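So the structure is just underneath, and the comments pick up after that.
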Amino acid sequence: MSRYALRVSALSAALGLWQLLTSLDVDLWLRFSQFPTVTDVAHTFADRLSGADYWTDLTDSLTRIVTGFVLAAVLGVAVGVLVARSPLAEDLLGPLLEVVRPIPAIALVPVAILLFPSNEQGIVFITFTAAFFPVLVSTRHAVRALTPVWEEAVLTMGGGRWRILGSVVLPGALPGIFGGLSVGIGVSWICVISAEMISGQYGVGYRTWQDYTVVDYPGVFVGMVTIGVLGWLTSTAVELLGRRLTRWLPRTSPVAAARPASSRPPATPSPAPHPSGTEEARDEHLV
């Protein structure tokens with residue numbers, strides 16, 4: 001409970017500092033006089049919650065994120081395992097993937113506009129591309145890092161390729177896979193909001209950009225807070241799912257990890273041999 005209280009206190013202190021700087025119109029180097037106060041943002045947020053447009057934008061953004069991210073998770077894991085396990089697949093797909101991977105997903109917006117018949121499909125494509133490569137790279141490295149002893153053990157007991165894939169490769173690579181999924185969901189939010197600002201008609205990003213164009217700065221901050229909360233909730237959901245699927249991994253308690261080595265209880269000394277036993281051993285040696 002003390003840790004949660006500390007987190008709440010840190011968040012409250014940040015909001016209090018924001019309210020203080022904006023209400024006093026502090027202009028030192030950063031121009032806080034241009035910022036809306038916390039109370040202004042809270043009033044605007046309450047007004048948005050009572051309207052239908054806010055929930056429509058929220059639903060559209062979540063639908064785009066879930067669709068693109070699920071496709072990226074499935075295809076990223078499949079292609080990552082294939083490239084890591086098959087030299088032929090690595091030779092065929094590796095060069096193409098490495099050329100496309102450095103291109104920012106948001107730079108593919110013109111390609112999505114030309115390629116897909118609707119903006120909705122183009123935004124889902126941008127979201128998919130943003131999450132696909134982190135999942136692919138993490139899966140590939142996780143599969144290649146597996147020790148060959150596990151695979152040899154399955155082969156010794158008569159297992160085939162599918163048995164190795166289901167019993168060794170996927171379970172062993174799960175921690176790395178979920179690391180890529182955690183990164184991918186965050187990048188997906190960045191790119192879907194940017195895509196909605198450029199070519200969207202509905203969504204949190206579209207609404208935030210519209211508020212900026214009409215100089216509604218409290219509305220802009222409402223959009224920013226919404227994006228942050230949604231990103232935090234989806235990342236937490238991915239992390240909790242990863243913990244549930246990798247319950248077999250050893251967990252390290254923060255208290256145990258922070259405990260110094262000197263606090264370890266001293267080893268119990270072995271009991272001293274009985275004197276009579278020592279004399280008998282000496283006598284036997286002399287004989």
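Here's how to read the names in the structure tokens: chain A, B, ... by the order shown, residue numbers from 1 in each chain, ligand numbers from 1 in the order shown.
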Nearby residues (only C-alpha atoms) at most 8 Å from Leu146 of chain A, same-chain spacing under 3 positions excluded, as a compact mmCIF listing (two decimals) with C-alpha atoms, in the first residue's frame:
```txt
# COMPACT_ATOMS: atom_id res chain seq x y z
CA ALA A 142 14.16 -14.91 -28.62
CA VAL A 143 13.98 -18.04 -30.79
CA VAL A 169 10.28 -22.91 -29.26
CA GLY A 172 10.88 -20.67 -24.45
CA ALA A 173 10.48 -17.56 -26.60
```
Inset, instruction - Would you mind listing what lies within 7 Å of segment 28-38 of chain A as an NGL selection string, with only C-alpha atoms counted and same-chain residues fewer than 5 positions away left out? - result: :A and (18-19 or 21-23 or 217-218)
Legend entry - Spatial neighbours of Gly122 of chain A, max dist 9 Å, only C-alpha atoms, sep filter under 2 positions, as a PyMOL selection string: chain A and resi 109+111-120+124-127+195+199
For the residues selected in the previous step, produce a file with C-alpha atoms as a PDB file, in the first residue's frame.
```
ATOM      1  CA  VAL A 109       0.643   7.232 -44.847  1.00  0.00           C
ATOM      2  CA  VAL A 111       1.348   4.637 -49.506  1.00  0.00           C
ATOM      3  CA  ALA A 112      -1.713   3.661 -47.459  1.00  0.00           C
ATOM      4  CA  ILE A 113      -3.794   6.416 -49.072  1.00  0.00           C
ATOM      5  CA  LEU A 114      -2.830   5.211 -52.559  1.00  0.00           C
ATOM      6  CA  LEU A 115      -3.044   1.502 -51.764  1.00  0.00           C
ATOM      7  CA  PHE A 116      -6.291   1.117 -49.816  1.00  0.00           C
ATOM      8  CA  PRO A 117      -9.750   2.239 -50.972  1.00  0.00           C
ATOM      9  CA  SER A 118     -10.732   3.766 -47.598  1.00  0.00           C
ATOM     10  CA  ASN A 119      -9.007   5.786 -44.892  1.00  0.00           C
ATOM     11  CA  GLU A 120     -10.107   3.277 -42.264  1.00  0.00           C
ATOM     12  CA  VAL A 124      -5.311  -0.041 -39.662  1.00  0.00           C
ATOM     13  CA  PHE A 125      -2.428  -0.761 -42.048  1.00  0.00           C
ATOM     14  CA  ILE A 126      -0.311   1.955 -40.400  1.00  0.00           C
ATOM     15  CA  THR A 127      -1.105   0.519 -36.967  1.00  0.00           C
ATOM     16  CA  ALA A 195      -2.488   8.736 -38.921  1.00  0.00           C
ATOM     17  CA  SER A 199      -6.137  11.253 -42.857  1.00  0.00           C
TER      18      SER A 199
END
```
Return as CSV the residues of segment 140-208 of chain A lying at most 10 Å from segment 102-106 of chain A, together with the closest atom-to-atom pair for each and the distance in Å to one decimal, counting only C-alpha atoms, with rows in chain order and ascending residue number.
```
residue,atom,partner,partner_atom,distance
A:Val187,CA,A:Ala105,CA,9.2
A:Ser188,CA,A:Ala105,CA,9.1
A:Ile190,CA,A:Ile106,CA,8.9
A:Cys191,CA,A:Ile106,CA,5.8
A:Val192,CA,A:Ile106,CA,8.4
A:Ile193,CA,A:Ile106,CA,9.7
A:Ser194,CA,A:Ile106,CA,6.9
A:Ala195,CA,A:Ile106,CA,6.7
A:Ile198,CA,A:Ile106,CA,9.5
```
List as an mmCIF file with N, CA, C and O atoms, in the first residue's frame the protein and nucleic acid residues near Ile164 of chain A, meaning an atom at most 12 Å away when only C-alpha atoms are counted, but skip any in the same chain fewer than 2 places from it.
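The file below, selection.cif, is the result:
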```
data_model
loop_
_atom_site.group_PDB
_atom_site.id
_atom_site.type_symbol
_atom_site.label_atom_id
_atom_site.label_comp_id
_atom_site.auth_asym_id
_atom_site.auth_seq_id
_atom_site.Cartn_x
_atom_site.Cartn_y
_atom_site.Cartn_z
ATOM 1 N N ARG A 85 14.015 -20.036 -37.698
ATOM 2 C CA ARG A 85 14.161 -21.485 -37.782
ATOM 3 C C ARG A 85 14.525 -21.987 -39.171
ATOM 4 O O ARG A 85 15.030 -23.101 -39.304
ATOM 5 N N VAL A 143 13.883 -16.667 -30.291
ATOM 6 C CA VAL A 143 13.979 -18.042 -30.792
ATOM 7 C C VAL A 143 15.440 -18.432 -31.005
ATOM 8 O O VAL A 143 15.859 -19.547 -30.677
ATOM 9 N N LEU A 146 17.439 -19.574 -27.807
ATOM 10 C CA LEU A 146 17.097 -20.800 -27.088
ATOM 11 C C LEU A 146 18.271 -21.775 -27.106
ATOM 12 O O LEU A 146 18.974 -21.910 -28.111
ATOM 13 N N PRO A 148 20.165 -25.204 -27.540
ATOM 14 C CA PRO A 148 19.879 -26.388 -28.368
ATOM 15 C C PRO A 148 19.640 -27.652 -27.551
ATOM 16 O O PRO A 148 19.127 -28.630 -28.099
ATOM 17 N N VAL A 149 20.009 -27.655 -26.281
ATOM 18 C CA VAL A 149 19.855 -28.860 -25.470
ATOM 19 C C VAL A 149 18.385 -29.244 -25.349
ATOM 20 O O VAL A 149 18.034 -30.434 -25.359
ATOM 21 N N TRP A 150 17.491 -28.251 -25.242
ATOM 22 C CA TRP A 150 16.066 -28.553 -25.115
ATOM 23 C C TRP A 150 15.544 -29.254 -26.367
ATOM 24 O O TRP A 150 14.809 -30.234 -26.288
ATOM 25 N N GLU A 151 15.921 -28.761 -27.520
ATOM 26 C CA GLU A 151 15.478 -29.379 -28.765
ATOM 27 C C GLU A 151 16.042 -30.782 -28.911
ATOM 28 O O GLU A 151 15.346 -31.702 -29.354
ATOM 29 N N GLU A 152 17.298 -30.957 -28.536
ATOM 30 C CA GLU A 152 17.900 -32.285 -28.622
ATOM 31 C C GLU A 152 17.217 -33.270 -27.672
ATOM 32 O O GLU A 152 17.067 -34.455 -27.990
ATOM 33 N N ALA A 153 16.773 -32.771 -26.528
ATOM 34 C CA ALA A 153 16.075 -33.648 -25.593
ATOM 35 C C ALA A 153 14.754 -34.133 -26.176
ATOM 36 O O ALA A 153 14.378 -35.308 -26.032
ATOM 37 N N VAL A 154 14.013 -33.241 -26.857
ATOM 38 C CA VAL A 154 12.746 -33.650 -27.473
ATOM 39 C C VAL A 154 12.997 -34.630 -28.604
ATOM 40 O O VAL A 154 12.263 -35.619 -28.775
ATOM 41 N N LEU A 155 14.031 -34.390 -29.394
ATOM 42 C CA LEU A 155 14.362 -35.318 -30.474
ATOM 43 C C LEU A 155 14.753 -36.683 -29.925
ATOM 44 O O LEU A 155 14.414 -37.725 -30.507
ATOM 45 N N THR A 156 15.463 -36.698 -28.809
ATOM 46 C CA THR A 156 15.873 -37.971 -28.215
ATOM 47 C C THR A 156 14.661 -38.778 -27.761
ATOM 48 O O THR A 156 14.651 -40.022 -27.863
ATOM 49 N N MET A 157 13.628 -38.106 -27.287
ATOM 50 C CA MET A 157 12.422 -38.799 -26.827
ATOM 51 C C MET A 157 11.430 -39.065 -27.950
ATOM 52 O O MET A 157 10.290 -39.463 -27.704
ATOM 53 N N GLY A 158 11.843 -38.849 -29.206
ATOM 54 C CA GLY A 158 11.005 -39.200 -30.347
ATOM 55 C C GLY A 158 10.095 -38.107 -30.838
ATOM 56 O O GLY A 158 9.198 -38.373 -31.641
ATOM 57 N N GLY A 159 10.261 -36.879 -30.394
ATOM 58 C CA GLY A 159 9.413 -35.780 -30.837
ATOM 59 C C GLY A 159 9.806 -35.278 -32.212
ATOM 60 O O GLY A 159 10.973 -35.366 -32.620
ATOM 61 N N GLY A 160 8.840 -34.742 -32.956
ATOM 62 C CA GLY A 160 9.088 -34.191 -34.280
ATOM 63 C C GLY A 160 9.160 -32.681 -34.271
ATOM 64 O O GLY A 160 9.287 -32.037 -33.227
ATOM 65 N N ARG A 161 9.056 -32.085 -35.469
ATOM 66 C CA ARG A 161 9.188 -30.634 -35.584
ATOM 67 C C ARG A 161 8.056 -29.893 -34.885
ATOM 68 O O ARG A 161 8.284 -28.889 -34.217
ATOM 69 N N TRP A 162 6.817 -30.356 -35.051
ATOM 70 C CA TRP A 162 5.690 -29.686 -34.421
ATOM 71 C C TRP A 162 5.745 -29.812 -32.904
ATOM 72 O O TRP A 162 5.332 -28.906 -32.184
ATOM 73 N N GLY A 166 5.867 -26.627 -30.378
ATOM 74 C CA GLY A 166 4.891 -26.394 -29.333
ATOM 75 C C GLY A 166 5.416 -26.560 -27.926
ATOM 76 O O GLY A 166 4.884 -25.951 -26.985
ATOM 77 N N SER A 167 6.468 -27.374 -27.751
ATOM 78 C CA SER A 167 6.975 -27.662 -26.407
ATOM 79 C C SER A 167 8.244 -26.908 -26.052
ATOM 80 O O SER A 167 8.554 -26.754 -24.870
ATOM 81 N N VAL A 168 8.988 -26.445 -27.051
ATOM 82 C CA VAL A 168 10.283 -25.811 -26.787
ATOM 83 C C VAL A 168 10.328 -24.380 -27.318
ATOM 84 O O VAL A 168 10.596 -23.433 -26.576
ATOM 85 N N VAL A 169 10.047 -24.207 -28.613
ATOM 86 C CA VAL A 169 10.283 -22.914 -29.261
ATOM 87 C C VAL A 169 9.334 -21.843 -28.730
ATOM 88 O O VAL A 169 9.771 -20.798 -28.232
ATOM 89 N N LEU A 170 8.037 -22.082 -28.831
ATOM 90 C CA LEU A 170 7.079 -21.055 -28.410
ATOM 91 C C LEU A 170 7.105 -20.799 -26.900
ATOM 92 O O LEU A 170 7.157 -19.636 -26.482
ATOM 93 N N PRO A 171 7.096 -21.831 -26.044
ATOM 94 C CA PRO A 171 7.184 -21.515 -24.605
ATOM 95 C C PRO A 171 8.484 -20.837 -24.217
ATOM 96 O O PRO A 171 8.493 -19.922 -23.394
ATOM 97 N N GLY A 172 9.601 -21.274 -24.808
ATOM 98 C CA GLY A 172 10.879 -20.667 -24.453
ATOM 99 C C GLY A 172 11.024 -19.241 -24.932
ATOM 100 O O GLY A 172 11.732 -18.434 -24.314
#
```
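With distances restricted to only C-alpha atoms, A:Ser61 is the closest residue to Met197 of chain A from A:Arg243, A:Ser50, A:Phe45, A:Ser61.
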